[in-house]
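The file coords.txt comes next; it holds compact mmCIF, C-alpha atoms.
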```txt
# COMPACT_ATOMS: atom_id res chain seq x y z
CA MET A 1 167.78 137.42 -43.85
CA ALA A 2 166.37 137.25 -40.31
CA ALA A 3 162.89 136.87 -41.66
CA GLY A 4 164.05 134.04 -43.88
CA ASP A 5 165.71 132.41 -40.91
CA VAL A 6 162.53 132.74 -38.89
CA SER A 7 160.51 131.29 -41.76
CA THR A 8 162.92 128.42 -42.21
CA SER A 9 162.98 127.84 -38.46
CA GLY A 10 159.20 127.86 -38.40
CA GLU A 11 159.05 125.34 -41.27
CA MET A 12 161.53 123.10 -39.48
CA THR A 13 159.53 123.31 -36.26
CA ALA A 14 156.32 122.48 -38.05
CA SER A 15 158.02 119.67 -39.94
CA SER A 16 159.47 118.15 -36.76
CA SER A 17 156.14 118.49 -34.98
CA ASP A 18 154.45 116.67 -37.87
CA LYS A 19 156.72 113.71 -37.22
CA LYS A 20 155.60 113.35 -33.61
CA PRO A 21 153.04 110.65 -33.01
CA ASN A 22 149.49 111.95 -32.79
CA ASN A 23 148.61 109.35 -30.22
CA PRO A 24 151.52 108.18 -28.08
CA LYS A 25 149.51 105.26 -26.74
CA GLU A 26 149.16 103.77 -30.18
CA GLU A 27 152.90 104.17 -30.91
CA ALA A 28 154.06 102.58 -27.66
CA VAL A 29 154.58 98.97 -28.66
CA ILE A 30 155.86 96.50 -26.09
CA PRO A 31 158.46 94.18 -27.67
CA PRO A 32 157.50 90.50 -27.77
CA TYR A 33 160.53 89.49 -25.71
CA MET A 34 159.23 91.52 -22.76
CA LYS A 35 155.87 89.78 -23.04
CA ALA A 36 157.73 86.44 -23.06
CA VAL A 37 159.75 87.36 -19.95
CA SER A 38 156.63 88.49 -18.10
CA GLY A 39 154.90 85.22 -18.97
CA SER A 40 157.79 83.05 -17.76
CA LEU A 41 157.90 84.77 -14.36
CA GLY A 42 154.13 84.54 -13.99
CA GLY A 43 154.18 80.87 -14.96
CA MET A 44 156.71 79.97 -12.25
CA MET A 45 154.61 81.63 -9.57
CA GLU A 46 151.40 79.97 -10.76
CA ALA A 47 152.92 76.48 -10.82
CA CYS A 48 154.16 76.63 -7.24
CA CYS A 49 150.82 77.87 -5.89
CA LEU A 50 148.37 75.67 -7.78
CA GLN A 51 150.00 72.29 -8.38
CA PRO A 52 147.81 70.43 -5.78
CA ILE A 53 144.61 71.45 -7.58
CA ASP A 54 146.01 70.13 -10.86
CA VAL A 55 146.84 66.78 -9.25
CA ILE A 56 143.29 66.52 -7.87
CA LYS A 57 141.80 67.44 -11.26
CA THR A 58 143.80 64.74 -13.01
CA ARG A 59 142.86 62.06 -10.45
CA LEU A 60 139.15 62.96 -10.74
CA GLN A 61 139.26 62.82 -14.53
CA LEU A 62 140.89 59.38 -14.43
CA ASP A 63 138.46 58.03 -11.79
CA ARG A 64 136.09 55.66 -13.64
CA VAL A 65 134.79 53.75 -10.59
CA GLY A 66 133.83 56.58 -8.24
CA GLN A 67 136.76 56.21 -5.86
CA TYR A 68 136.67 59.92 -5.04
CA ARG A 69 133.50 61.68 -3.89
CA GLY A 70 134.63 65.18 -4.75
CA ILE A 71 137.49 67.64 -4.63
CA LEU A 72 138.01 67.72 -0.86
CA HIS A 73 137.63 63.95 -0.54
CA CYS A 74 140.11 63.40 -3.36
CA GLY A 75 142.65 65.78 -1.82
CA THR A 76 142.35 64.33 1.70
CA THR A 77 142.48 60.76 0.38
CA ILE A 78 145.69 61.44 -1.52
CA ALA A 79 147.23 63.17 1.51
CA LYS A 80 146.25 60.33 3.89
CA LYS A 81 147.27 57.40 1.70
CA GLU A 82 150.25 58.85 -0.12
CA GLY A 83 151.40 61.80 2.00
CA VAL A 84 151.01 65.55 1.54
CA ARG A 85 153.97 65.63 -0.86
CA ALA A 86 151.90 63.57 -3.31
CA LEU A 87 149.79 66.68 -3.95
CA TRP A 88 152.87 68.18 -5.58
CA LYS A 89 153.51 65.15 -7.79
CA GLY A 90 154.72 66.17 -11.22
CA LEU A 91 155.74 69.67 -10.01
CA THR A 92 159.03 69.66 -11.93
CA PRO A 93 157.50 69.01 -15.36
CA PHE A 94 154.49 71.18 -14.42
CA ALA A 95 156.62 74.20 -13.42
CA THR A 96 158.92 73.78 -16.42
CA HIS A 97 155.91 73.29 -18.64
CA LEU A 98 154.15 76.43 -17.36
CA THR A 99 157.26 78.58 -17.60
CA LEU A 100 158.00 77.53 -21.18
CA LYS A 101 154.31 77.60 -22.12
CA TYR A 102 153.73 81.15 -20.92
CA THR A 103 157.00 82.31 -22.49
CA LEU A 104 155.90 80.93 -25.86
CA ARG A 105 152.26 81.98 -25.42
CA MET A 106 152.92 85.61 -24.51
CA GLY A 107 155.76 86.02 -27.00
CA SER A 108 154.02 84.41 -29.97
CA ASN A 109 150.75 86.23 -29.21
CA ALA A 110 152.62 89.55 -29.25
CA VAL A 111 154.26 88.69 -32.60
CA LEU A 112 150.93 87.62 -34.11
CA GLN A 113 149.19 90.73 -32.83
CA VAL A 114 151.76 92.93 -34.53
CA ALA A 115 151.36 90.94 -37.76
CA LEU A 116 147.55 91.16 -37.65
CA LYS A 117 147.27 94.88 -36.93
CA ASP A 118 145.55 96.99 -39.56
CA SER A 119 148.27 98.37 -41.81
CA GLN A 120 146.45 101.70 -42.24
CA THR A 121 145.34 102.50 -38.69
CA GLY A 122 147.79 100.41 -36.69
CA LYS A 123 144.92 99.13 -34.57
CA LEU A 124 144.10 95.54 -33.64
CA SER A 125 140.48 94.47 -34.17
CA THR A 126 138.71 92.11 -31.80
CA SER A 127 138.66 89.35 -34.42
CA SER A 128 142.38 89.78 -35.06
CA ARG A 129 143.06 89.66 -31.31
CA MET A 130 141.14 86.38 -31.13
CA MET A 131 143.04 84.98 -34.12
CA ALA A 132 146.35 85.90 -32.49
CA GLY A 133 145.26 84.20 -29.27
CA PHE A 134 144.12 81.07 -31.11
CA GLY A 135 147.39 80.90 -33.02
CA ALA A 136 149.41 81.24 -29.82
CA GLY A 137 147.31 78.49 -28.23
CA VAL A 138 147.84 76.10 -31.14
CA LEU A 139 151.58 76.77 -31.16
CA GLU A 140 151.99 76.20 -27.42
CA ALA A 141 149.87 73.03 -27.60
CA LEU A 142 152.07 71.44 -30.25
CA VAL A 143 155.49 72.61 -29.07
CA ILE A 144 155.18 72.61 -25.28
CA VAL A 145 151.90 71.52 -23.74
CA THR A 146 151.27 68.07 -25.21
CA PRO A 147 154.60 66.34 -24.42
CA PHE A 148 154.86 67.94 -20.97
CA GLU A 149 151.30 67.05 -20.04
CA VAL A 150 151.74 63.45 -21.18
CA VAL A 151 154.65 63.11 -18.74
CA LYS A 152 152.83 65.02 -15.98
CA ILE A 153 149.66 62.94 -16.26
CA ARG A 154 151.56 59.64 -16.33
CA LEU A 155 153.33 60.70 -13.12
CA GLN A 156 150.17 61.98 -11.44
CA GLN A 157 148.13 58.83 -12.09
CA GLN A 158 150.64 56.67 -10.20
CA ARG A 159 149.61 55.69 -6.67
CA GLY A 160 152.05 55.89 -3.79
CA LEU A 161 155.46 57.48 -3.25
CA ALA A 162 157.79 54.47 -2.89
CA ARG A 163 160.07 54.47 -5.95
CA GLU A 164 160.25 50.68 -6.08
CA VAL A 165 156.50 50.37 -6.78
CA LEU A 166 156.33 53.20 -9.30
CA LYS A 167 156.69 52.47 -13.00
CA TYR A 168 158.03 55.94 -13.71
CA LYS A 169 160.78 57.14 -11.35
CA GLY A 170 160.74 60.76 -12.45
CA PRO A 171 160.07 63.12 -15.39
CA ILE A 172 163.10 62.14 -17.48
CA HIS A 173 162.65 58.42 -16.81
CA CYS A 174 158.97 58.77 -17.69
CA ALA A 175 159.70 60.55 -20.99
CA THR A 176 162.40 58.08 -22.05
CA SER A 177 160.18 55.12 -21.10
CA ILE A 178 157.31 56.46 -23.22
CA VAL A 179 159.60 56.98 -26.22
CA ARG A 180 161.10 53.50 -25.82
CA GLU A 181 157.76 51.69 -25.38
CA GLU A 182 155.41 53.78 -27.52
CA GLY A 183 157.67 55.64 -29.91
CA LEU A 184 158.46 59.36 -30.12
CA PHE A 185 154.86 60.25 -31.00
CA GLY A 186 153.77 58.69 -27.70
CA LEU A 187 154.75 62.04 -26.19
CA TRP A 188 152.17 63.70 -28.45
CA ALA A 189 149.24 61.46 -27.45
CA GLY A 190 146.12 63.61 -27.27
CA ALA A 191 147.56 66.36 -29.46
CA ALA A 192 144.28 67.03 -31.34
CA PRO A 193 142.08 67.80 -28.30
CA THR A 194 144.98 69.72 -26.75
CA VAL A 195 145.21 71.94 -29.83
CA MET A 196 141.46 72.60 -29.74
CA ARG A 197 141.45 73.23 -26.00
CA ASN A 198 144.41 75.61 -25.97
CA GLY A 199 143.47 77.44 -29.15
CA ILE A 200 139.97 78.24 -27.92
CA ASN A 201 141.20 79.02 -24.40
CA GLN A 202 143.77 81.56 -25.54
CA ALA A 203 141.50 83.19 -28.10
CA ALA A 204 138.98 83.82 -25.32
CA MET A 205 141.53 84.70 -22.64
CA PHE A 206 143.56 87.37 -24.48
CA THR A 207 140.42 89.01 -25.84
CA ALA A 208 138.64 88.99 -22.48
CA LYS A 209 141.70 90.19 -20.52
CA ASN A 210 142.12 93.20 -22.78
CA ALA A 211 138.39 93.98 -22.58
CA PHE A 212 138.29 93.75 -18.78
CA ASP A 213 141.38 95.96 -18.45
CA VAL A 214 139.74 98.65 -20.57
CA VAL A 215 136.23 98.39 -19.09
CA LEU A 216 137.18 98.01 -15.43
CA TRP A 217 140.37 100.05 -15.12
CA LYS A 218 140.57 102.21 -18.30
CA LYS A 219 143.96 100.62 -18.90
CA HIS A 220 145.25 100.61 -22.49
CA GLU A 221 148.38 98.83 -23.58
CA GLY A 222 151.30 101.24 -23.89
CA ASP A 223 149.77 104.05 -21.81
CA GLY A 224 152.47 103.85 -19.12
CA ARG A 225 150.07 102.96 -16.31
CA VAL A 226 150.83 100.02 -14.04
CA LEU A 227 147.79 98.20 -12.72
CA GLN A 228 147.75 97.29 -9.06
CA PRO A 229 148.26 93.53 -8.58
CA TRP A 230 144.71 93.13 -7.28
CA GLN A 231 143.36 94.80 -10.42
CA SER A 232 145.34 92.46 -12.64
CA MET A 233 144.12 89.51 -10.58
CA ILE A 234 140.47 90.47 -11.05
CA SER A 235 140.87 90.92 -14.82
CA GLY A 236 142.86 87.70 -15.12
CA PHE A 237 140.42 85.71 -13.00
CA LEU A 238 137.41 86.84 -15.03
CA ALA A 239 139.24 86.25 -18.34
CA GLY A 240 140.12 82.71 -17.26
CA THR A 241 136.57 81.51 -16.51
CA ALA A 242 135.03 81.05 -19.97
CA GLY A 243 137.64 78.73 -21.46
CA PRO A 244 137.29 75.76 -19.05
CA ILE A 245 133.52 75.64 -19.48
CA CYS A 246 133.70 75.72 -23.29
CA THR A 247 136.61 73.28 -23.59
CA GLY A 248 135.76 70.76 -20.82
CA PRO A 249 135.19 67.81 -23.19
CA PHE A 250 138.49 68.44 -24.98
CA ASP A 251 140.30 68.49 -21.64
CA VAL A 252 138.76 65.19 -20.48
CA VAL A 253 139.54 63.50 -23.80
CA LYS A 254 143.06 64.90 -23.74
CA THR A 255 143.65 63.46 -20.27
CA ARG A 256 142.26 60.02 -21.20
CA LEU A 257 144.34 59.83 -24.39
CA MET A 258 147.51 60.91 -22.61
CA ALA A 259 147.02 58.53 -19.68
CA GLN A 260 146.24 55.34 -21.61
CA ILE A 261 148.94 52.71 -22.10
CA ARG A 262 148.90 49.98 -24.73
CA SER A 263 147.79 46.57 -23.48
CA VAL A 264 150.68 44.15 -22.98
CA GLU A 265 148.64 41.28 -24.42
CA THR A 266 147.02 42.92 -27.44
CA GLY A 267 149.06 46.04 -27.97
CA GLU A 268 145.77 47.94 -28.33
CA VAL A 269 144.54 51.11 -26.63
CA LYS A 270 140.97 51.80 -25.55
CA TYR A 271 140.59 55.15 -27.28
CA LYS A 272 141.58 55.37 -30.97
CA GLY A 273 141.51 59.14 -31.21
CA MET A 274 139.72 62.33 -30.18
CA PHE A 275 136.32 61.63 -31.76
CA HIS A 276 136.34 57.95 -30.77
CA ALA A 277 137.13 58.97 -27.19
CA LEU A 278 134.29 61.52 -27.17
CA ARG A 279 131.81 58.90 -28.39
CA THR A 280 133.07 56.19 -26.04
CA ILE A 281 133.00 58.36 -22.92
CA PHE A 282 129.52 59.63 -23.78
CA ALA A 283 128.22 56.09 -24.43
CA GLU A 284 129.77 54.49 -21.36
CA GLU A 285 129.65 57.26 -18.76
CA GLY A 286 127.07 59.79 -19.93
CA LEU A 287 127.20 63.39 -21.13
CA LEU A 288 128.29 64.91 -17.81
CA ALA A 289 131.41 62.72 -17.81
CA LEU A 290 132.75 64.98 -20.56
CA TRP A 291 132.91 67.75 -17.97
CA LYS A 292 134.58 65.66 -15.26
CA GLY A 293 137.10 67.71 -13.35
CA LEU A 294 135.43 71.00 -14.35
CA LEU A 295 135.21 72.32 -10.80
CA PRO A 296 138.90 71.77 -10.03
CA ARG A 297 139.70 73.30 -13.44
CA LEU A 298 137.68 76.36 -12.43
CA MET A 299 139.49 76.29 -9.11
CA ARG A 300 142.85 76.19 -10.89
CA ILE A 301 142.67 78.06 -14.20
CA PRO A 302 141.01 81.38 -13.20
CA PRO A 303 143.16 81.70 -10.03
CA GLY A 304 146.15 80.64 -12.12
CA GLN A 305 145.43 83.40 -14.63
CA ALA A 306 144.98 85.83 -11.74
CA ILE A 307 148.42 84.94 -10.33
CA MET A 308 150.11 84.92 -13.73
CA TRP A 309 148.70 88.29 -14.81
CA ALA A 310 149.43 89.90 -11.43
CA VAL A 311 153.12 89.14 -12.06
CA ALA A 312 153.11 89.70 -15.85
CA ASP A 313 151.30 93.05 -15.68
CA GLN A 314 153.81 94.36 -13.15
CA VAL A 315 156.71 93.45 -15.43
CA ILE A 316 155.02 94.83 -18.55
CA GLY A 317 153.72 97.93 -16.76
CA LEU A 318 157.10 98.82 -15.32
CA TYR A 319 158.65 98.43 -18.78
CA GLU A 320 155.97 100.70 -20.27
CA ARG A 321 156.45 103.38 -17.63
CA ARG A 322 160.24 103.30 -17.74
CA TYR A 323 160.91 102.99 -21.46
CA LEU A 324 157.79 103.68 -23.54
CA HIS A 325 155.88 106.32 -21.63
CA HIS A 326 158.96 108.46 -20.88
CA ALA A 327 160.08 108.15 -24.49
CA HIS A 328 156.92 109.92 -25.65
CA VAL A 329 156.77 112.63 -22.97
```
Written as structure tokens, how would this file's structure read?
Amino acid sequence: MAAGDVSTSGEMTASSSDKKPNNPKEEAVIPPYMKAVSGSLGGMMEACCLQPIDVIKTRLQLDRVGQYRGILHCGTTIAKKEGVRALWKGLTPFATHLTLKYTLRMGSNAVLQVALKDSQTGKLSTSSRMMAGFGAGVLEALVIVTPFEVVKIRLQQQRGLAREVLKYKGPIHCATSIVREEGLFGLWAGAAPTVMRNGINQAAMFTAKNAFDVVLWKKHEGDGRVLQPWQSMISGFLAGTAGPICTGPFDVVKTRLMAQIRSVETGEVKYKGMFHALRTIFAEEGLLALWKGLLPRLMRIPPGQAIMWAVADQVIGLYERRYLHHAHV
């Protein structure tokens, strides 16, 4: 009887041990909503810190006559002529845009990564990680980025601060004016290059960020470790450098398409679409014009990713350590 009990007990122990995960790191899955929360907090911090660089980038990209001689000259000119506050023009739509964008980006990327994992091994291949990043980039471009950037760019291209001389009095007035004058799809001007830019950017960024975390810090998702903020900033900064170089032409075209307004006399616009804009800019301004604003983009995007990931990794890491890692100890 005792022997049978021991045998049964041994079988139960073996059976229960078989049910334990062989590799806790692989079983620890961070829920998409936590990724979304981490992205929203990181986005708010990034917007407040880096808005002036985005204003300068937009002004440089819209400068067709050489009014600005470079980044510093552009920034000082804006501050002198329009006041320091002008460097934070469009902050409300920019901060809202970044918060919503990162919430959607991080959440949708997490959902797509789960969907694209190998059903047998539970692992995510590099190609699947890139596909998830591209999908998240396309989704954010269509749902969030395009309409918010149209409003932001229209506000940023205005000269001066006096409300009486400004066509658009604020974000809501700008959006309603565009819809009234250009139709609802006026808010989605430049959608095609935005989709290409964001899709490629996020495919590269998520893949590179994961690679740098593993190579530099031996950090694997779900292992319960929390990177130091400076470690996250280095990984995020490096991951954010490739995208702007590869997608420069799409960003310039996006800005030109979003900024243009139909002529009062003819009702026509200069650029008919993405490919027409690429050809026109190349023909009129030369090849390098397609990379206008690259330096301020490199000054904004990699530091922006550094700031965002420093915040996001802390949120995600604390969740891992508190809920996932302890659950598997």
Distance of CA of Tyr271 (chain A) from CA of Tyr168 (chain A), expressed in Å to one decimal place: 22.1 Å
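Using all atoms listed in the file, the shortest contact distance between Tyr319 (chain A) and any of A:Leu98, A:Ala136, A:Val226, A:Val55 is found at A:Val226.
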Skipping near chain neighbours, those fewer than 2 positions away, what residues fall within 10 Å of Ile261 (chain A) using only C-alpha atoms, listed as a ChimeraX atom specification? /A:154,178,181-182,186,256-259,263-264,267-270
Write out, as a tab-separated table, each residue of region 60-133 of chain A that has an atom at most 8 Å from region 200-211 of chain A, together with the closest pair of atoms and their distance in Å to one decimal, counting only C-alpha atoms, rows going by chain and rising number.
```
residue	atom	partner	partner_atom	distance
A:Thr126	CA	A:Thr207	CA	6.9
A:Arg129	CA	A:Thr207	CA	6.1
A:Met130	CA	A:Ala203	CA	4.4
A:Met131	CA	A:Ala203	CA	6.5
A:Ala132	CA	A:Ala203	CA	7.1
A:Gly133	CA	A:Ala203	CA	4.1
```
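Among A:Ile316, A:Ile234, A:Val145, A:Leu62, the residue with the shortest atom-to-atom distance to Gln158 (chain A), counting all atoms listed in the file, is A:Leu62.
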Across A:Gly240, A:Gly75, A:Gly122, A:Pro31, the smallest distance to Trp309 (chain A), with only C-alpha atoms counted, is shown by A:Gly240
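Nearest to Arg225 (chain A) of all the residues A:Ile245, A:Val315, A:Val150, A:Leu72 is A:Val315, counting only C-alpha atoms.
Between Phe185 (chain A) and the residues A:Ser128, A:Thr146, A:Gln314, A:Asn198, the shortest atom-to-atom distance, using all atoms listed in the file, involves A:Thr146.
Nearest to Gly42 (chain A) of all the residues A:Gly304, A:Gly70, A:Gly160, A:Gly199 is A:Gly304, based on only C-alpha atoms.
Within the 8 Å cut-off around Ala310 (chain A), using only C-alpha atoms and omitting residues fewer than 5 positions from it on the same chain, the listed residues are A:Gly42, A:Gln228, A:Pro229, A:Trp230, A:Gln231, A:Ser232, A:Met233, A:Gly236.
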With only C-alpha atoms counted and 10 Å as the cut-off, give the residues of region 168-286 of chain A in contact with region 81-96 of chain A, each with its shortest interatomic distance in Å and the pair that gives it, as a tab-separated table.
```
residue	atom	partner	partner_atom	distance
A:Gly170	CA	A:Gly90	CA	8.2
A:Pro171	CA	A:Pro93	CA	6.4
A:Ile172	CA	A:Pro93	CA	9.1
```
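Atom pair CA of Arg321 (chain A) / CA of Asp223 (chain A) has a distance of 7.9 Å (rounded to one decimal).
CA of Leu142 (chain A) lies 18.0 Å from CA of Ser40 (chain A).
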I need region 33-65 of chain A from the structure I supplied, saved as a short mmCIF file (atom, residue, chain, number, x, y, z; two decimals), in the first residue's frame with C-alpha atoms retained.
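Listing of out.cif after writing:
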```cif
data_model
loop_
_atom_site.label_atom_id
_atom_site.label_comp_id
_atom_site.auth_asym_id
_atom_site.auth_seq_id
_atom_site.Cartn_x
_atom_site.Cartn_y
_atom_site.Cartn_z
CA TYR A 33 -1.19 46.10 -23.50
CA MET A 34 1.96 46.51 -21.39
CA LYS A 35 3.98 47.19 -24.53
CA ALA A 36 1.36 49.79 -25.52
CA VAL A 37 1.52 51.49 -22.10
CA SER A 38 5.33 51.59 -22.19
CA GLY A 39 5.23 53.14 -25.65
CA SER A 40 2.75 55.86 -24.65
CA LEU A 41 4.87 56.97 -21.68
CA GLY A 42 8.03 56.96 -23.78
CA GLY A 43 6.31 58.94 -26.52
CA MET A 44 5.26 61.73 -24.14
CA MET A 45 8.81 62.13 -22.87
CA GLU A 46 10.29 62.14 -26.37
CA ALA A 47 7.88 64.80 -27.66
CA CYS A 48 8.65 67.28 -24.90
CA CYS A 49 12.42 66.92 -25.32
CA LEU A 50 12.77 66.94 -29.10
CA GLN A 51 10.05 69.14 -30.56
CA PRO A 52 12.47 72.01 -31.53
CA ILE A 53 14.53 69.68 -33.73
CA ASP A 54 11.38 68.54 -35.52
CA VAL A 55 10.37 72.15 -36.21
CA ILE A 56 13.83 72.88 -37.65
CA LYS A 57 13.71 69.73 -39.80
CA THR A 58 10.35 70.71 -41.25
CA ARG A 59 11.47 74.28 -42.03
CA LEU A 60 14.63 73.01 -43.76
CA GLN A 61 12.67 70.53 -45.86
CA LEU A 62 10.26 73.26 -46.97
CA ASP A 63 13.05 75.77 -47.74
CA ARG A 64 13.31 75.93 -51.56
CA VAL A 65 15.20 79.25 -51.80
#
```
